[in-house]
Amino acid sequence: MFLAILAGKTLAFVIRLFGGGATAAPGLFALKIDPNLVRKLNRKIKLGSVIISGTNGKTTTARLTYDTLFTKYKVIHNRQGSNLLRGIASTLISNSSIFGKIRFDLAIWEVDEATLPEAIKNVYPQTIVLLNLFRDQLDRYGEIDSTRTKWQKALRTLPKSTILILNSDDPGISILEKSFAGKIVFFGVSDNKVRLPAVATVADVKHCLFCGAGLVFDAQLSAHLGHYRCSKCNFKRPTPDISAANLMFKSDFSTSISLGLDSQTSTISYSLPGLYNVYNVLAASTTALNYGIDLATVIEKIKKFSTAFGRFQKTEIKGRQLITFLIKNPAGANEVLRTISNQSRVNLLLILNDKIADGRDVSWIWDTDWEILRDKTDNVFISGIRRFDMALRLKYAGFKLSNNSIYKEVNYSILIALQKMSTKDTLIVLPTYTALLDVQKTLNRTGEKVSKWQKQ
């Protein structure tokens, strides 16, 4: 363990010396020296660990949970976003002494869906928060049924003292209660409709996961999330312990909800957009309340919270507003487009990459309802490695494109887009993950300083 930590700290120092983040490589190298390093260091955290996983919303939920629990506990968190086991190891190494002394009450680990079973074995979670399961990077994860099966096997190994926090509106998540013997807490949205334009929904769960009969949705809120019941057996949406109602989505991308807990209801307005962030707020609130944080503190932290860079980022460059939303799979992208479609007119810059972190398979753009913005878009610009795939998709969606709409370099596409807009216009940028890093570099060069490794 000593050698692993020493090697990790040395490598992290060298990487940061050359301007890197040291979020994964130190942990990867240290785990080659001591494969049990994460297990050994996590045992020293007083109250154990919270794991947060799911296809969409992990980063936002983990950060909001951290901000809230930090008011009462000393918390360690892989906040820079490296959510594989190597990222957890890197975080532990940077926050421990050379001899492995670590002084934290609680750990919050954002965990990649494919890494969840391995993380469960290594971090001894006291609480596991599972947000959703959607198709994402099929070349890496496979279909969601495969991921869910692996999760079920891992959950069966947990002691009864563990607490499982589940999204009751996702039938692929709520069914996990059958694989777990301990305490379960559900969160969900109580409204039967949401005040957002409808999109062509792509549902990954259409049939009962017990008997195979068709699911009946009394309310379908997003993709396969909603109020469901099996047409034949007793499988149905569990009643959430903590819920959101009276959802209001505003034109400035802020949101208002009524947060319901037992018989108590509190109205909250916060700066995060969209239905997807309602679920993130619910998950973080449920976790914080479970750890004894009072409701007033939870509400205060929600109101003050701002997302990680790119999840929803407002920037002003040369007198023009630029808003960035990360997109990476059809369910998440559709929710972003629904949120944007609340605007009267929009200017779009779409940046599509297919690097390993994005997923090599970009076929998800064909399951995304770009048509919802066709008649609201004044200007559209396209960039990224797979820019011609995106252009073809928009052509089929009915967008009017020309050679002046497509650019190879991300920084050039941003500058051109801003030049063609007036100071009253807003440019909405929709990048995939690695494209988001290119956007960040452009913002840094043009004067907007956004530090990728900054601990906010």
# chains A, B, ... in the order shown; residues from 1 in each chain; ligands from 1
>>> residues_around(residues="A:Phe381", least_positions_apart="2", cutoff="10 Å", atoms="only C-alpha atoms", output="ChimeraX atom specification")
/A:347-351,379,383,387,391,401-407,413-414,416-417,427,429
>>> select_by_dssp(residues="stretch 1-112 of chain A", states="helix (DSSP H, G or I)", output="VMD selection string")
chain A and resid 2 to 17 25 to 33 37 to 42 58 to 69 85 to 94
>>> residues_around(residues="stretch 72-75 of chain A", least_positions_apart="2", cutoff="9 Å", atoms="only C-alpha atoms", output="number ranges by chain")
A: 66, 68-70, 77, 103-108, 292-293
>>> atom_distance(atom1="atom CA of A:Leu130", atom2="atom CA of A:Leu289")
16.2 Å
>>> closest_residue(among="A:Ala296, A:Ile175, A:Leu31, A:Leu158", to="A:Arg237", atoms="only C-alpha atoms")
A:Ile175
>>> closest_residue(among="A:Thr324, A:Thr239, A:Ser90, A:Ser82", to="A:Ile184", atoms="only C-alpha atoms")
A:Thr239
>>> closest_residue(among="A:Leu131, A:Ile323, A:Ala213, A:Ala114", to="A:Ser174", atoms="only C-alpha atoms")
A:Leu131
>>> residues_around(residues="A:Gln220", least_positions_apart="6", cutoff="12 Å", atoms="only C-alpha atoms", output="ChimeraX atom specification")
/A:169-171,189-194,198-203,205-206,226-229,237
>>> atom_distance(atom1="atom CA of A:Leu11", atom2="atom CA of A:Ser96")
14.8 Å
>>> residues_around(residues="A:Cys208", least_positions_apart="3", cutoff="9 Å", atoms="only C-alpha atoms", output="JSON, numbers by chain")
{"A": [171, 205, 211, 212, 213, 214, 215, 229, 230, 231, 232, 233, 235, 236]}
>>> write_last_selection(atoms="N, CA and C atoms", output="short mmCIF file (atom, residue, chain, number, x, y, z; two decimals), in the first residue's frame")
data_model
loop_
_atom_site.label_atom_id
_atom_site.label_comp_id
_atom_site.auth_asym_id
_atom_site.auth_seq_id
_atom_site.Cartn_x
_atom_site.Cartn_y
_atom_site.Cartn_z
N PRO A 171 -38.95 1.55 -14.58
CA PRO A 171 -39.23 0.15 -14.27
C PRO A 171 -37.98 -0.72 -14.25
N VAL A 205 -37.68 0.18 -22.09
CA VAL A 205 -38.42 -0.85 -21.35
C VAL A 205 -39.89 -0.72 -21.72
N CYS A 211 -42.94 -10.90 -16.20
CA CYS A 211 -43.72 -11.87 -16.98
C CYS A 211 -43.66 -11.64 -18.49
N GLY A 212 -43.13 -10.50 -18.93
CA GLY A 212 -43.00 -10.23 -20.35
C GLY A 212 -44.21 -9.60 -21.01
N ALA A 213 -45.28 -9.41 -20.25
CA ALA A 213 -46.47 -8.76 -20.81
C ALA A 213 -46.19 -7.27 -21.02
N GLY A 214 -47.02 -6.62 -21.81
CA GLY A 214 -46.83 -5.21 -22.09
C GLY A 214 -47.05 -4.34 -20.86
N LEU A 215 -46.25 -3.28 -20.73
CA LEU A 215 -46.45 -2.32 -19.66
C LEU A 215 -47.49 -1.29 -20.09
N ARG A 229 -47.64 0.08 -15.00
CA ARG A 229 -48.12 -1.15 -14.36
C ARG A 229 -48.14 -2.23 -15.42
N CYS A 230 -47.98 -3.45 -14.98
CA CYS A 230 -48.02 -4.57 -15.91
C CYS A 230 -49.46 -4.89 -16.26
N SER A 231 -49.69 -5.26 -17.51
CA SER A 231 -51.05 -5.57 -17.96
C SER A 231 -51.52 -6.95 -17.48
N LYS A 232 -50.61 -7.73 -16.90
CA LYS A 232 -51.00 -9.07 -16.44
C LYS A 232 -50.65 -9.36 -14.98
N CYS A 233 -49.39 -9.10 -14.57
CA CYS A 233 -49.00 -9.46 -13.20
C CYS A 233 -49.08 -8.24 -12.28
N PHE A 235 -46.67 -6.35 -11.06
CA PHE A 235 -45.57 -5.39 -11.14
C PHE A 235 -46.10 -4.01 -11.49
N LYS A 236 -45.74 -3.01 -10.68
CA LYS A 236 -46.17 -1.63 -10.93
C LYS A 236 -45.20 -0.66 -10.28
#
>>> residues_around(residues="A:Val278", least_positions_apart="2", cutoff="9 Å", atoms="only C-alpha atoms", output="VMD selection string")
chain A and resid 189 244 247 255 257 272 to 276 280 to 283
>>> closest_residue(among="A:Ile385, A:Val346, A:Leu437, A:Leu155", to="A:Lys121", atoms="only C-alpha atoms")
A:Leu155
>>> residues_around(residues="stretch 364-372 of chain A", least_positions_apart="6", cutoff="10 Å", atoms="only C-alpha atoms", output="PyMOL selection string")
chain A and resi 135-138+197-202+328-335+337-338+340-341+352+389-390+392-394+396-399
>>> closest_residue(among="A:Met421, A:Ile88, A:Ala4, A:Leu221", to="A:Ala24", atoms="only C-alpha atoms")
A:Ile88
>>> atom_distance(atom1="atom CA of A:Glu316", atom2="atom CA of A:Lys441")
14.9 Å
>>> select_by_dssp(residues="stretch 349-454 of chain A", states="strand (DSSP E)", output="PDB file with C-alpha atoms, in the first residue's frame")
ATOM      1  CA  LEU A 349     -24.104  24.521 -32.709  1.00  0.00           C
ATOM      2  CA  LEU A 350     -23.971  20.699 -32.681  1.00  0.00           C
ATOM      3  CA  ILE A 351     -20.592  19.006 -32.111  1.00  0.00           C
ATOM      4  CA  THR A 377     -33.932  27.417 -35.427  1.00  0.00           C
ATOM      5  CA  ASP A 378     -32.582  30.593 -37.044  1.00  0.00           C
ATOM      6  CA  ASN A 379     -29.034  29.332 -37.589  1.00  0.00           C
ATOM      7  CA  VAL A 380     -27.517  25.864 -37.274  1.00  0.00           C
ATOM      8  CA  PHE A 381     -23.802  25.054 -37.251  1.00  0.00           C
ATOM      9  CA  ILE A 382     -22.213  21.598 -37.136  1.00  0.00           C
ATOM     10  CA  SER A 383     -18.732  20.488 -36.132  1.00  0.00           C
ATOM     11  CA  THR A 426     -28.060  33.225 -27.745  1.00  0.00           C
ATOM     12  CA  LEU A 427     -25.982  30.368 -29.143  1.00  0.00           C
ATOM     13  CA  ILE A 428     -26.894  26.953 -27.746  1.00  0.00           C
ATOM     14  CA  VAL A 429     -23.996  24.498 -28.004  1.00  0.00           C
ATOM     15  CA  LEU A 430     -24.721  20.755 -27.839  1.00  0.00           C
ATOM     16  CA  PRO A 431     -21.423  18.801 -27.668  1.00  0.00           C
TER      17      PRO A 431
END
>>> closest_residue(among="A:Thr71, A:Ala89, A:Pro238, A:Glu118", to="A:Lys32", atoms="only C-alpha atoms")
A:Ala89
>>> decode(residues="stretch 169-183 of chain A", atoms="N, CA and C atoms", output="mmCIF file, in the first residue's frame")
data_model
loop_
_atom_site.group_PDB
_atom_site.id
_atom_site.type_symbol
_atom_site.label_atom_id
_atom_site.label_comp_id
_atom_site.auth_asym_id
_atom_site.auth_seq_id
_atom_site.Cartn_x
_atom_site.Cartn_y
_atom_site.Cartn_z
ATOM 1 N N ASP A 169 -39.784 5.736 -10.929
ATOM 2 C CA ASP A 169 -40.395 5.978 -12.243
ATOM 3 C C ASP A 169 -39.742 5.185 -13.369
ATOM 4 N N ASP A 170 -38.599 4.559 -13.099
ATOM 5 C CA ASP A 170 -37.910 3.744 -14.099
ATOM 6 C C ASP A 170 -38.157 2.267 -13.769
ATOM 7 N N PRO A 171 -38.951 1.554 -14.581
ATOM 8 C CA PRO A 171 -39.235 0.147 -14.268
ATOM 9 C C PRO A 171 -37.985 -0.716 -14.252
ATOM 10 N N GLY A 172 -36.961 -0.326 -15.012
ATOM 11 C CA GLY A 172 -35.713 -1.072 -15.014
ATOM 12 C C GLY A 172 -34.883 -0.841 -13.769
ATOM 13 N N ILE A 173 -35.211 0.204 -13.008
ATOM 14 C CA ILE A 173 -34.540 0.479 -11.732
ATOM 15 C C ILE A 173 -35.364 -0.040 -10.563
ATOM 16 N N SER A 174 -36.659 0.216 -10.559
ATOM 17 C CA SER A 174 -37.491 -0.194 -9.427
ATOM 18 C C SER A 174 -37.495 -1.703 -9.228
ATOM 19 N N ILE A 175 -37.326 -2.469 -10.321
ATOM 20 C CA ILE A 175 -37.316 -3.927 -10.211
ATOM 21 C C ILE A 175 -36.130 -4.436 -9.404
ATOM 22 N N LEU A 176 -35.112 -3.601 -9.224
ATOM 23 C CA LEU A 176 -33.923 -4.008 -8.490
ATOM 24 C C LEU A 176 -34.212 -4.255 -7.013
ATOM 25 N N GLU A 177 -35.346 -3.768 -6.528
ATOM 26 C CA GLU A 177 -35.688 -4.029 -5.128
ATOM 27 C C GLU A 177 -35.822 -5.532 -4.864
ATOM 28 N N LYS A 178 -36.136 -6.300 -5.897
ATOM 29 C CA LYS A 178 -36.298 -7.749 -5.743
ATOM 30 C C LYS A 178 -34.951 -8.451 -5.567
ATOM 31 N N SER A 179 -33.858 -7.756 -5.850
ATOM 32 C CA SER A 179 -32.524 -8.352 -5.729
ATOM 33 C C SER A 179 -31.818 -7.898 -4.462
ATOM 34 N N PHE A 180 -32.561 -7.266 -3.544
ATOM 35 C CA PHE A 180 -31.927 -6.662 -2.367
ATOM 36 C C PHE A 180 -32.784 -6.901 -1.135
ATOM 37 N N ALA A 181 -32.135 -7.247 -0.021
ATOM 38 C CA ALA A 181 -32.869 -7.611 1.196
ATOM 39 C C ALA A 181 -32.947 -6.491 2.222
ATOM 40 N N GLY A 182 -32.226 -5.376 1.997
ATOM 41 C CA GLY A 182 -32.191 -4.310 2.985
ATOM 42 C C GLY A 182 -33.241 -3.229 2.762
ATOM 43 N N LYS A 183 -33.017 -2.079 3.386
ATOM 44 C CA LYS A 183 -33.946 -0.951 3.308
ATOM 45 C C LYS A 183 -33.888 -0.308 1.933
#
